[in-house]
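Chemist: Let me begin by handing over the structure; questions about it come next.
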Protein chains: 2
Amino acid sequence: MTMQDAHEKSHAPEGVSCASCGLYQFCLPLGLSSNDMELLDRIVASRHECKRGGYLFRAGDPFQSLYAIRSGSFKIFDLGPEGREKITGFYLTGDMLGMDAISANQHFYNATALEDSRVCAIPLERLEELGHHVPALMHHFHKLMSREVVHDQSLALLLNGTKAEQRVAVFLLDLSQRFATRGYSPHHFNLRMTREEIGNYLGLTLETVSRVLSKFQSAGLVKVHHKDIVLRDPDRMREIVDPTLRRH
Amino acid sequence: MTMQDAHEKSHAPEGVSCASCGLYQFCLPLGLSSNDMELLDRIVASRHECKRGGYLFRAGDPFQSLYAIRSGSFKIFDLGPEGREKITGFYLTGDMLGMDAISANQHFYNATALEDSRVCAIPLERLEELGHHVPALMHHFHKLMSREVVHDQSLALLLNGTKAEQRVAVFLLDLSQRFATRGYSPHHFNLRMTREEIGNYLGLTLETVSRVLSKFQSAGLVKVHHKDIVLRDPDRMREIVDPTLRRH
DNA sequence: CGCAAACTTTGACCCAGATCAAAAACTATG
DNA sequence: CATAGTTTTTGATCTGGGTCAAAGTTTGCG
């Protein structure tokens with residue numbers, strides 16, 4: 001079973017507290033008093049490591065707990081009947097994974113690490129139990145789930161109503177913004193996924209992603225060097241996403 | 001403001017209880033004791049009517065409450081920069097709407113009634129407050145949100161990896177199953193939305209939807225008469241969705 | 001009941017992006 | 001540091017479903 005597979009995921013030293021994590025503005029503790037923060041450590045069942053390519057959970061696994069990403073990044077994906085992978089999300093440090101599994105008590109999708117990563121396991125029962133005593137915690141959890149709903153609907157909108165260039169632009173701007181929120185540069189960052197994974201996620205082929213990036217580069221919008229991205233003109237990028245922004 | 005617009009939504013007699021609703025297997029009360037059920041009525045702030053085409057809420061509206069559909073059906077949709085409508089979901093009797101609004105305290109999307117409908121307004125604060133005393137209620141709410149997450153991701157998968165015929169087949173089978181769960185015939189039902197709305201939702205044009213339905217009809221899979229649908233061969237329909245099911 | 005408006009069907013043509021192909025650039029490993 | 005494998009780029013061609021067009025159907029309203 002996934003949980004015991006030492007090649008994919010192993011226990012790490014537990015001597016870390018939520019208060020010292022440096023992620024409390026993204027993770028669950030947001031808006032809690034330092035008093036509440038101490039309680040928070042009680043809901044983290046364990047901390048794991050997950051090697052690049054290792055599974056955090058697989059579709060069909062029984063629902064054990066939610067996971068907060070302490071460091072690293074993950075993709076979640078479906079494997080179709082013929083094993084064709086379809087990515088529905090990339091998750092970065094501070095994001096929470098596994099909320100799909102609550103509804104049927106088992107995971108619908110798969111999650112693997114894009115790089116060596118660490119996660120905190122948060123059993124839902126403990127979260128709910130502590131939530132009875134700390135209303136702000138419960139409410140924050142509801143916000144997190146709601147954010148997931150909004151994100152997933154945005155993805156459906158993206159896959160429905162937009163052209164290739166818009167999709168890639170949305171993808172880059174979204175990443176940029178997420179890095180900014182985490183304190184990294186919004187102008188210069190490294191992709192953690194391949195062209196194929198990007199295309200898979202955006203409903204495009206890797207060739208199309210590559211072509212669009214080349215086009216953006218010759219238009220002076222970005223500087224692309226492998227996975228190294230420099231956003232040179234975010235405003236013009238935003239105009240590609242929403243042409244009504246263009247001022248003549 | 002939407003909430004006061006009498007043309008769109010008006011108050012209806014309040015003399016109805018959750019226990020007498022006949023929907024308690026779909027709505028929030030699922031799995032609660034009859035004792036808890038009495039508490040439940042306390043979280044319903046009001047019951048409204050919503051005429052065909054009327055807005056239940058609009059993108060940007062402040063988040064007032066969640067809504068459980070007592071009768072009727074709704075679509076939720078985004079209006080792009082040029083006002084181009086993009087539907088991300090159809091909701092039937094017993095479904096809950098508005099969970100997108102929790103994350104930012106305002107609605108991201110619009111909701112209008114596909115037919116004259118009635119809803120129960122459920123303020124989140126009351127739900128959370130009562131949830132502190134009734135853990136099963138809180139947990140059931142988490143399952144509902146999780147189900148929404150799974151649905152939205154499934155939509156993204158549909159819009160990504162499938163062809164026109166598969167999409168229409170998925171749509172019909174999904175509706176069939178949802179009607180069945182509600183005690184209606186899974187073989188014979190009425191569409192509440194136009195070809196255009198179906199196509200919009202599925203990422204197809206109304207012409208393509210029409211063509212696919214015609215093709216399904218001549219193949220003997222369905223009998224289509226306007227909005228009246230008879231599923232004649234659900235098994236073969238499932239094979240269209242997932243060709244690996246085919247036995248030669 | 002009759003006419004207008006809305007919805008649906010069917011046909012002809014076209015295009016964005018998929019697919020196929022092949023070379024180039026990078027990465028990892030012994 | 002050479003070599004095999006992976007990832008990316010670029011080009012040529014193909015196609016599912018979009019777009020445009022026009023006729024047929026249904027519904028609702030006065």
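Residues are named by chain letter and number: chains run A, B, ... in the order of the structure tokens, numbers start at 1 in each chain, and ligands are numbered from 1 in the order shown.
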Using only C-alpha atoms (C1' of nucleotides), select each residue of chain D with any atom at most 12 Å away from an atom of chain B, and give the selection as a list in words.
Modeler: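 Listed by rising number, the hits are DG16, DG17, DG18, DT19, DC20, DT25, DT26 and DT27 of chain D.
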Chemist: Tell me, as a list in words, which residues lie within 12 Å of DC1 (chain D), counting only C-alpha atoms (C1' of nucleotides); anything in the same chain fewer than 2 positions away does not count.
Modeler: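 Everything that qualifies: DT29 and DG30 of chain C; DT3 of chain D.
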Chemist: At a cut-off of 12 Å, can you tabulate as a Markdown table every residue of chain B near chain C together with its closest atom pair and the distance in Å to one decimal, using only C-alpha atoms (C1' of nucleotides) and ordering rows by chain then number?
Modeler:
```
| residue | atom | partner | partner_atom | distance |
| --- | --- | --- | --- | --- |
| B:Met193 | CA | C:DC7 | C1' | 11.1 |
| B:Thr194 | CA | C:DC7 | C1' | 7.7 |
| B:Arg195 | CA | C:DT8 | C1' | 8.0 |
| B:Glu196 | CA | C:DC7 | C1' | 9.0 |
| B:Glu197 | CA | C:DC7 | C1' | 11.5 |
| B:Leu206 | CA | C:DT8 | C1' | 8.8 |
| B:Glu207 | CA | C:DT9 | C1' | 8.0 |
| B:Thr208 | CA | C:DT9 | C1' | 10.4 |
| B:Val209 | CA | C:DT8 | C1' | 10.3 |
| B:Ser210 | CA | C:DT9 | C1' | 7.0 |
| B:Arg211 | CA | C:DT9 | C1' | 7.8 |
| B:Val212 | CA | C:DT9 | C1' | 11.2 |
| B:Leu213 | CA | C:DT9 | C1' | 10.4 |
| B:Ser214 | CA | C:DT9 | C1' | 8.7 |
| B:Lys215 | CA | C:DT9 | C1' | 11.8 |
| B:Val224 | CA | C:DT8 | C1' | 11.7 |
| B:His225 | CA | C:DT8 | C1' | 10.5 |
| B:His226 | CA | C:DT8 | C1' | 8.0 |
| B:Lys227 | CA | C:DT8 | C1' | 10.5 |
```
Chemist: Filtering to N, CA and C atoms, could you give me those residues as a PDB file, in the first residue's frame?
Modeler:
```
ATOM      1  N   MET B 193     -32.533  22.191 -20.292  1.00  0.00           N
ATOM      2  CA  MET B 193     -31.692  23.220 -20.901  1.00  0.00           C
ATOM      3  C   MET B 193     -31.712  23.076 -22.422  1.00  0.00           C
ATOM      4  N   THR B 194     -31.344  24.139 -23.115  1.00  0.00           N
ATOM      5  CA  THR B 194     -31.354  24.143 -24.583  1.00  0.00           C
ATOM      6  C   THR B 194     -30.106  23.450 -25.130  1.00  0.00           C
ATOM      7  N   ARG B 195     -30.113  23.170 -26.422  1.00  0.00           N
ATOM      8  CA  ARG B 195     -28.927  22.608 -27.079  1.00  0.00           C
ATOM      9  C   ARG B 195     -27.737  23.551 -26.918  1.00  0.00           C
ATOM     10  N   GLU B 196     -28.034  24.825 -26.988  1.00  0.00           N
ATOM     11  CA  GLU B 196     -26.968  25.806 -26.841  1.00  0.00           C
ATOM     12  C   GLU B 196     -26.330  25.712 -25.463  1.00  0.00           C
ATOM     13  N   GLU B 197     -27.171  25.571 -24.417  1.00  0.00           N
ATOM     14  CA  GLU B 197     -26.624  25.484 -23.062  1.00  0.00           C
ATOM     15  C   GLU B 197     -25.840  24.191 -22.862  1.00  0.00           C
ATOM     16  N   LEU B 206     -23.815  24.327 -30.463  1.00  0.00           N
ATOM     17  CA  LEU B 206     -25.143  23.715 -30.477  1.00  0.00           C
ATOM     18  C   LEU B 206     -25.313  22.826 -31.703  1.00  0.00           C
ATOM     19  N   GLU B 207     -24.699  23.183 -32.811  1.00  0.00           N
ATOM     20  CA  GLU B 207     -24.798  22.355 -34.012  1.00  0.00           C
ATOM     21  C   GLU B 207     -24.211  20.967 -33.781  1.00  0.00           C
ATOM     22  N   THR B 208     -23.042  20.945 -33.138  1.00  0.00           N
ATOM     23  CA  THR B 208     -22.402  19.649 -32.880  1.00  0.00           C
ATOM     24  C   THR B 208     -23.263  18.794 -31.956  1.00  0.00           C
ATOM     25  N   VAL B 209     -23.833  19.415 -30.908  1.00  0.00           N
ATOM     26  CA  VAL B 209     -24.705  18.666 -30.005  1.00  0.00           C
ATOM     27  C   VAL B 209     -25.869  18.076 -30.803  1.00  0.00           C
ATOM     28  N   SER B 210     -26.457  18.892 -31.634  1.00  0.00           N
ATOM     29  CA  SER B 210     -27.581  18.446 -32.439  1.00  0.00           C
ATOM     30  C   SER B 210     -27.183  17.276 -33.348  1.00  0.00           C
ATOM     31  N   ARG B 211     -26.048  17.420 -34.012  1.00  0.00           N
ATOM     32  CA  ARG B 211     -25.566  16.354 -34.897  1.00  0.00           C
ATOM     33  C   ARG B 211     -25.335  15.055 -34.123  1.00  0.00           C
ATOM     34  N   VAL B 212     -24.697  15.161 -32.977  1.00  0.00           N
ATOM     35  CA  VAL B 212     -24.405  13.955 -32.196  1.00  0.00           C
ATOM     36  C   VAL B 212     -25.706  13.284 -31.748  1.00  0.00           C
ATOM     37  N   LEU B 213     -26.676  14.091 -31.302  1.00  0.00           N
ATOM     38  CA  LEU B 213     -27.948  13.505 -30.875  1.00  0.00           C
ATOM     39  C   LEU B 213     -28.622  12.802 -32.055  1.00  0.00           C
ATOM     40  N   SER B 214     -28.582  13.432 -33.223  1.00  0.00           N
ATOM     41  CA  SER B 214     -29.157  12.805 -34.416  1.00  0.00           C
ATOM     42  C   SER B 214     -28.471  11.477 -34.706  1.00  0.00           C
ATOM     43  N   LYS B 215     -27.146  11.485 -34.610  1.00  0.00           N
ATOM     44  CA  LYS B 215     -26.389  10.259 -34.876  1.00  0.00           C
ATOM     45  C   LYS B 215     -26.748   9.169 -33.871  1.00  0.00           C
ATOM     46  N   VAL B 224     -34.865  10.890 -29.393  1.00  0.00           N
ATOM     47  CA  VAL B 224     -34.858  12.306 -29.036  1.00  0.00           C
ATOM     48  C   VAL B 224     -36.058  12.977 -29.673  1.00  0.00           C
ATOM     49  N   HIS B 225     -36.842  13.636 -28.854  1.00  0.00           N
ATOM     50  CA  HIS B 225     -37.926  14.462 -29.388  1.00  0.00           C
ATOM     51  C   HIS B 225     -37.881  15.771 -28.623  1.00  0.00           C
ATOM     52  N   HIS B 226     -37.240  16.784 -29.247  1.00  0.00           N
ATOM     53  CA  HIS B 226     -37.027  18.069 -28.590  1.00  0.00           C
ATOM     54  C   HIS B 226     -36.241  17.859 -27.300  1.00  0.00           C
ATOM     55  N   LYS B 227     -36.898  18.173 -26.166  1.00  0.00           N
ATOM     56  CA  LYS B 227     -36.211  18.022 -24.881  1.00  0.00           C
ATOM     57  C   LYS B 227     -36.551  16.688 -24.221  1.00  0.00           C
TER      58      LYS B 227
END
```
Chemist: May I have the residues of chain A within 8 Å of chain B, counting only C-alpha atoms, written as a PyMOL selection string?
Modeler: chain A and resi 81-82+86+88+99-104+108+128+131-133+135+138-139+142-150+152-153+155-157+159-161+202-203+242+244
Chemist: Hey, what's within 9 Å of Arg236 (chain B) if we count only C-alpha atoms (C1' of nucleotides) and toss same-chain stuff fewer than 3 positions away? As a CSV table (one decimal) with C-alpha atoms, in the first residue's frame, please?
Modeler:
```
chain,number,residue,atom,x,y,z
B,221,LEU,CA,-29.1,4.6,-28.8
B,233,ASP,CA,-29.3,1.4,-24.9
B,239,GLU,CA,-19.1,1.9,-24.3
B,240,ILE,CA,-19.0,5.2,-26.2
B,241,VAL,CA,-17.8,6.9,-23.0
B,246,ARG,CA,-16.6,-3.2,-25.3
```
Chemist: Quick one, how far is CA of Leu127 (chain A) from CA of Tyr67 (chain B)?
Modeler: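 It comes out at 25.1 Å.
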Chemist: DSSP on the backbone, alpha helix (DSSP H) only: what residues of region 143-195 of chain A does that give? Format it as a ChimeraX atom specification.
Modeler: /A:143-161,164-181,195
Chemist: Please produce an output containing N, CA and C atoms for each residue in the selection, written as a compact mmCIF listing (two decimals), in the first residue's frame.
Modeler:
```txt
# COMPACT_ATOMS: atom_id res chain seq x y z
N LYS A 143 -12.74 27.89 3.67
CA LYS A 143 -12.20 28.79 2.64
C LYS A 143 -11.24 28.05 1.72
N LEU A 144 -10.43 27.19 2.31
CA LEU A 144 -9.49 26.43 1.49
C LEU A 144 -10.23 25.54 0.50
N MET A 145 -11.27 24.86 0.96
CA MET A 145 -12.02 23.98 0.06
C MET A 145 -12.70 24.82 -1.01
N SER A 146 -13.23 25.96 -0.61
CA SER A 146 -13.90 26.83 -1.57
C SER A 146 -12.92 27.31 -2.63
N ARG A 147 -11.70 27.62 -2.20
CA ARG A 147 -10.69 28.05 -3.15
C ARG A 147 -10.42 26.94 -4.17
N GLU A 148 -10.40 25.72 -3.68
CA GLU A 148 -10.21 24.57 -4.57
C GLU A 148 -11.35 24.50 -5.60
N VAL A 149 -12.57 24.72 -5.14
CA VAL A 149 -13.73 24.71 -6.04
C VAL A 149 -13.56 25.78 -7.12
N VAL A 150 -13.20 26.99 -6.69
CA VAL A 150 -13.03 28.09 -7.64
C VAL A 150 -11.92 27.76 -8.64
N HIS A 151 -10.81 27.22 -8.13
CA HIS A 151 -9.71 26.88 -9.03
C HIS A 151 -10.16 25.87 -10.08
N ASP A 152 -10.87 24.84 -9.65
CA ASP A 152 -11.27 23.78 -10.57
C ASP A 152 -12.26 24.29 -11.61
N GLN A 153 -13.13 25.19 -11.19
CA GLN A 153 -14.06 25.76 -12.16
C GLN A 153 -13.32 26.67 -13.13
N SER A 154 -12.32 27.39 -12.63
CA SER A 154 -11.53 28.23 -13.53
C SER A 154 -10.82 27.38 -14.58
N LEU A 155 -10.34 26.22 -14.14
CA LEU A 155 -9.67 25.34 -15.10
C LEU A 155 -10.65 24.90 -16.18
N ALA A 156 -11.87 24.54 -15.78
CA ALA A 156 -12.89 24.15 -16.76
C ALA A 156 -13.16 25.31 -17.72
N LEU A 157 -13.24 26.52 -17.21
CA LEU A 157 -13.46 27.69 -18.07
C LEU A 157 -12.30 27.87 -19.04
N LEU A 158 -11.09 27.68 -18.52
CA LEU A 158 -9.90 27.82 -19.36
C LEU A 158 -9.93 26.81 -20.50
N LEU A 159 -10.27 25.58 -20.17
CA LEU A 159 -10.27 24.50 -21.16
C LEU A 159 -11.41 24.64 -22.14
N ASN A 160 -12.42 25.40 -21.74
CA ASN A 160 -13.56 25.59 -22.61
C ASN A 160 -13.29 26.77 -23.53
N GLY A 161 -13.19 27.95 -22.96
CA GLY A 161 -13.32 29.14 -23.79
C GLY A 161 -12.07 29.82 -24.32
N ALA A 164 -4.90 28.58 -27.52
CA ALA A 164 -3.61 28.09 -27.00
C ALA A 164 -2.78 29.19 -26.34
N GLU A 165 -2.66 30.35 -27.00
CA GLU A 165 -1.80 31.39 -26.44
C GLU A 165 -2.34 31.91 -25.12
N GLN A 166 -3.65 32.04 -25.05
CA GLN A 166 -4.25 32.49 -23.79
C GLN A 166 -3.98 31.50 -22.67
N ARG A 167 -4.10 30.23 -22.99
CA ARG A 167 -3.89 29.22 -21.94
C ARG A 167 -2.50 29.28 -21.37
N VAL A 168 -1.51 29.36 -22.27
CA VAL A 168 -0.13 29.40 -21.79
C VAL A 168 0.10 30.68 -21.00
N ALA A 169 -0.48 31.79 -21.47
CA ALA A 169 -0.32 33.06 -20.75
C ALA A 169 -0.95 32.97 -19.35
N VAL A 170 -2.16 32.42 -19.28
CA VAL A 170 -2.80 32.24 -17.98
C VAL A 170 -1.92 31.39 -17.07
N PHE A 171 -1.38 30.34 -17.62
CA PHE A 171 -0.55 29.43 -16.84
C PHE A 171 0.66 30.16 -16.25
N LEU A 172 1.35 30.92 -17.08
CA LEU A 172 2.55 31.63 -16.62
C LEU A 172 2.19 32.70 -15.59
N LEU A 173 1.12 33.44 -15.84
CA LEU A 173 0.73 34.50 -14.90
C LEU A 173 0.27 33.92 -13.57
N ASP A 174 -0.43 32.80 -13.65
CA ASP A 174 -0.88 32.15 -12.42
C ASP A 174 0.31 31.69 -11.59
N LEU A 175 1.25 31.04 -12.25
CA LEU A 175 2.46 30.60 -11.54
C LEU A 175 3.19 31.80 -10.94
N SER A 176 3.35 32.83 -11.76
CA SER A 176 4.03 34.05 -11.31
C SER A 176 3.41 34.58 -10.03
N GLN A 177 2.08 34.63 -10.03
CA GLN A 177 1.37 35.17 -8.89
C GLN A 177 1.53 34.29 -7.66
N ARG A 178 1.52 32.98 -7.90
CA ARG A 178 1.66 32.07 -6.76
C ARG A 178 3.06 32.14 -6.17
N PHE A 179 4.07 32.30 -7.03
CA PHE A 179 5.42 32.45 -6.50
C PHE A 179 5.52 33.75 -5.71
N ALA A 180 4.92 34.81 -6.24
CA ALA A 180 4.95 36.11 -5.56
C ALA A 180 4.37 35.99 -4.16
N THR A 181 3.19 35.34 -4.05
CA THR A 181 2.54 35.17 -2.76
C THR A 181 3.45 34.47 -1.77
N ARG A 195 7.31 20.36 -20.51
CA ARG A 195 6.39 20.90 -21.52
C ARG A 195 5.20 19.95 -21.69
```
Chemist: To one decimal place, how far is CA of Gly183 (chain B) from CA of Thr112 (chain B) in Å?
Modeler: 24.3 Å
